[in-house]
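A quick write-up on the structure given underneath.
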Amino acid sequence: MKVLITGGAGFIGGNFVHYMLNKYPQYEIFNLDYLTYAGDLTKHKEIEKNNNYHFIKADISDHEVIIDLFNKNHFDYVIHFAAESHVDRSIADPGIFIQTNVRGTQILLDAAKNASITKFVHISTDEVYGELDFDPDTFFTEETHLQPNSPYSASKASSDLLVRAYHETYNLPINITRCSNNYGPYHFPEKLIPLTISRALNDEKVPVYGTGENVRDWLHVYDHCAAIDLVMHQGVIGDVYNVGGHNERTNLDIVKTIIKELGKSEELIQFVQDRLGHDKRYAIDSTKLKKLGWRPEYNFETGISQTIKWYLDNEKWWKEIISGEYQTYFEKQYKIHF
Ligand code: NAD
Ligand code: TDX
């Protein structure tokens, strides 16, 4: 079985590469990644010599390269993670989100439609549904209308619609997964949880947007990998599956939990100007995926403790990231806040 994983040098794709090599040693894994600021291969040091692991540096929006790759290889599965993934960056500079997330996905779909693949799994997000209010009884289902609010989520919703259209028009065998906020090892330190851990460990102020009351539904990345595995092998062709952890927390709760676990002072918390168009709440109804047999294994308390420990044990990985181009990003992103 040949599996093309796009974005396998990033956070979730990187964890999925490891998951697949462990669970299916007989599969051949091709990791295609352009190694943008968010991609790094140090996480794959231990597997790079495996005979069944191959890395391809390529841009998914490079039509010629992608078509050529599919002409030379027969992939059974395409699991598509590659994307620009940070909401704040999409607010500052939307163009690359359209280029990568929309045009890049369409090019992959074009290549896949002529390649008689078994399945194209598109990794999307709950953010395509827009926001919920704070009523704890409301959830996003697969039937919820798409109402994306940020340039990032609009680009993901656009790519979802293209994936759907390639199924309807060309019969391309597809699934779309829409998951809530992931956390766990190798989460890039621009996102709330690793940003809080890395800054608190350095005794630096932790920026909380607005009042900190916005709610996210946290899903451990290993539970997400298991969900994708299930959808890839057993998902009904053409269907969408929501993936959520049922771990709703306000951002302020998250930050306080991490600060407490690290034995730091809450004085590190700095309330800053709110994100533009900041979605109030996300919460996922995963009933459909549960009917297929998926159950999350991590509860948030265990998962966050293990994640914090991982960041303590792997300082070298994130310290290298935050000492590079990241500094420029951080100063530009937060100068209006601090
Ligand atoms: P990430 O930013 O950590 O990784 C993205 C990867 O894609 C990087 O390795 C990057 O180098 C690569 N990439 C970017 N542009 C590329 C291009 N043009 N060609 C080839 N590779 C390119 O992202 P992530 O958090 O791992 O998210 C993975 C996917 O899951 C994305 O599609 C994202 O929308 C979706 N998602 C993420 C979350 C989350 O909480 N992180 C939640 C829901 C959905
Ligand atoms: O400095 C910060 N302060 C803060 O209060 C940052 C970076 C974030 N926040 C808030 C904004 C959000 O309400 O924390 C919450 C989480 O923010 P992010 O970690 O940036 O994630 P989010 O915007 O919710 O999007 C994530 O989940 C859905 C991923 O980045 C997306 O790729 C995914 O689709």
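Ordered as shown in the structure tokens, chains take letters A, B, and onward, while each chain numbers its residues from 1 and ligands are numbered from 1 in the order shown.
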Residues within 7 Å of ligand 1 should be enumerated using only C-alpha atoms and all ligand atoms and returned as JSON, numbers by chain. {"A": [6, 7, 8, 9, 10, 11, 12, 13, 32, 33, 34, 35, 36, 37, 38, 39, 40, 58, 59, 60, 61, 81, 82, 83, 84, 85, 86, 100, 104, 123, 124, 125, 126, 156, 178, 179, 180, 181, 182, 183, 187, 188]}
Contacts of region 113-118 of chain A within 6 Å, only C-alpha atoms, excl. fewer than 6 positions in-chain, as a PDB file with N, CA and C atoms, in the first residue's frame:
ATOM      1  N   ASP A  76      -1.942   4.603  -3.410  1.00  0.00           N
ATOM      2  CA  ASP A  76      -3.259   4.048  -3.095  1.00  0.00           C
ATOM      3  C   ASP A  76      -4.084   5.082  -2.322  1.00  0.00           C
ATOM      4  N   TYR A  77      -3.409   5.754  -1.384  1.00  0.00           N
ATOM      5  CA  TYR A  77      -4.105   6.746  -0.551  1.00  0.00           C
ATOM      6  C   TYR A  77      -3.373   8.084  -0.601  1.00  0.00           C
ATOM      7  N   LEU A 172     -14.297  11.013  -7.728  1.00  0.00           N
ATOM      8  CA  LEU A 172     -13.073  10.795  -6.944  1.00  0.00           C
ATOM      9  C   LEU A 172     -13.466  10.276  -5.559  1.00  0.00           C
TER      10      LEU A 172
END
Pick out the residues no farther than 8 Å from ligand 2, counting only C-alpha atoms and all ligand atoms, and list them as a ChimeraX atom specification. /A:84-88,124-127,152-153,179-182,190-193,195-196,206-210,212,214-216,251-252,274-275,278-281
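Between CA of Cys225 (chain A) and CA of Asn51 (chain A) there is a distance of 22.2 Å.
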Do you have the CA of Met1 (chain A)-CA of Gln26 (chain A) distance handy?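 CA of Gln26 (chain A) lies at a distance of 7.5 Å from CA of Met1 (chain A).
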Can you tell me, as a PyMOL selection string, which residues in region 35-281 of chain A count as strand (DSSP E) by DSSP? chain A and resi 53-57+77-80+119-125+174-179+181-183+206-209+215-220+240-243+248-250+269-272
So the first atom is CA of Leu201 (chain A) and the second is CA of Ile254 (chain A); what is the distance between them in Å, to one decimal place?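 Computing it gives 15.2 Å between the two atoms.
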Hey, what's within 12 Å of region 312-328 of chain A if we count only C-alpha atoms and toss same-chain stuff fewer than 3 positions away? As a PyMOL selection string, please? chain A and resi 36-44+185-190+194-195+197-202+261-262+305-309+331-335
Neighbours of Ile29 (chain A) within 12 Å (only C-alpha atoms; same-chain residues fewer than 5 positions away dropped), as JSON, numbers by chain? {"A": [1, 2, 3, 4, 5, 6, 8, 13, 14, 16, 17, 18, 19, 20, 21, 22, 23, 24, 47, 48, 50, 51, 52, 53, 54, 55, 56, 73, 75, 76, 77, 78, 79]}
When distances are computed from only C-alpha atoms, which of A:Ala283, A:Leu132, A:Leu219, A:Met232 shows the smallest separation from Phe300 (chain A)? A:Leu219
From a DSSP pass on the backbone, collect the residues of region 73-268 of chain A flagged as alpha helix (DSSP H) and hand them back as a ChimeraX atom specification. /A:87-92,95-97,105-113,151-170,192-201,221-234,251-261
Restricting to only C-alpha atoms, whichever of A:Trp294, A:Asn247, A:His74, A:Thr169 is closest to Glu28 (chain A) is A:His74
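Using only C-alpha atoms for every distance, the candidate list A:Asn71, A:Gln270, A:Ser150, A:Ser155 yields A:Ser150 as the residue closest to Ala92 (chain A).
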With distances taken over only C-alpha atoms, which residue among A:Phe134, A:Phe120, A:Phe139, A:Phe70 lies nearest Thr287 (chain A)? A:Phe139
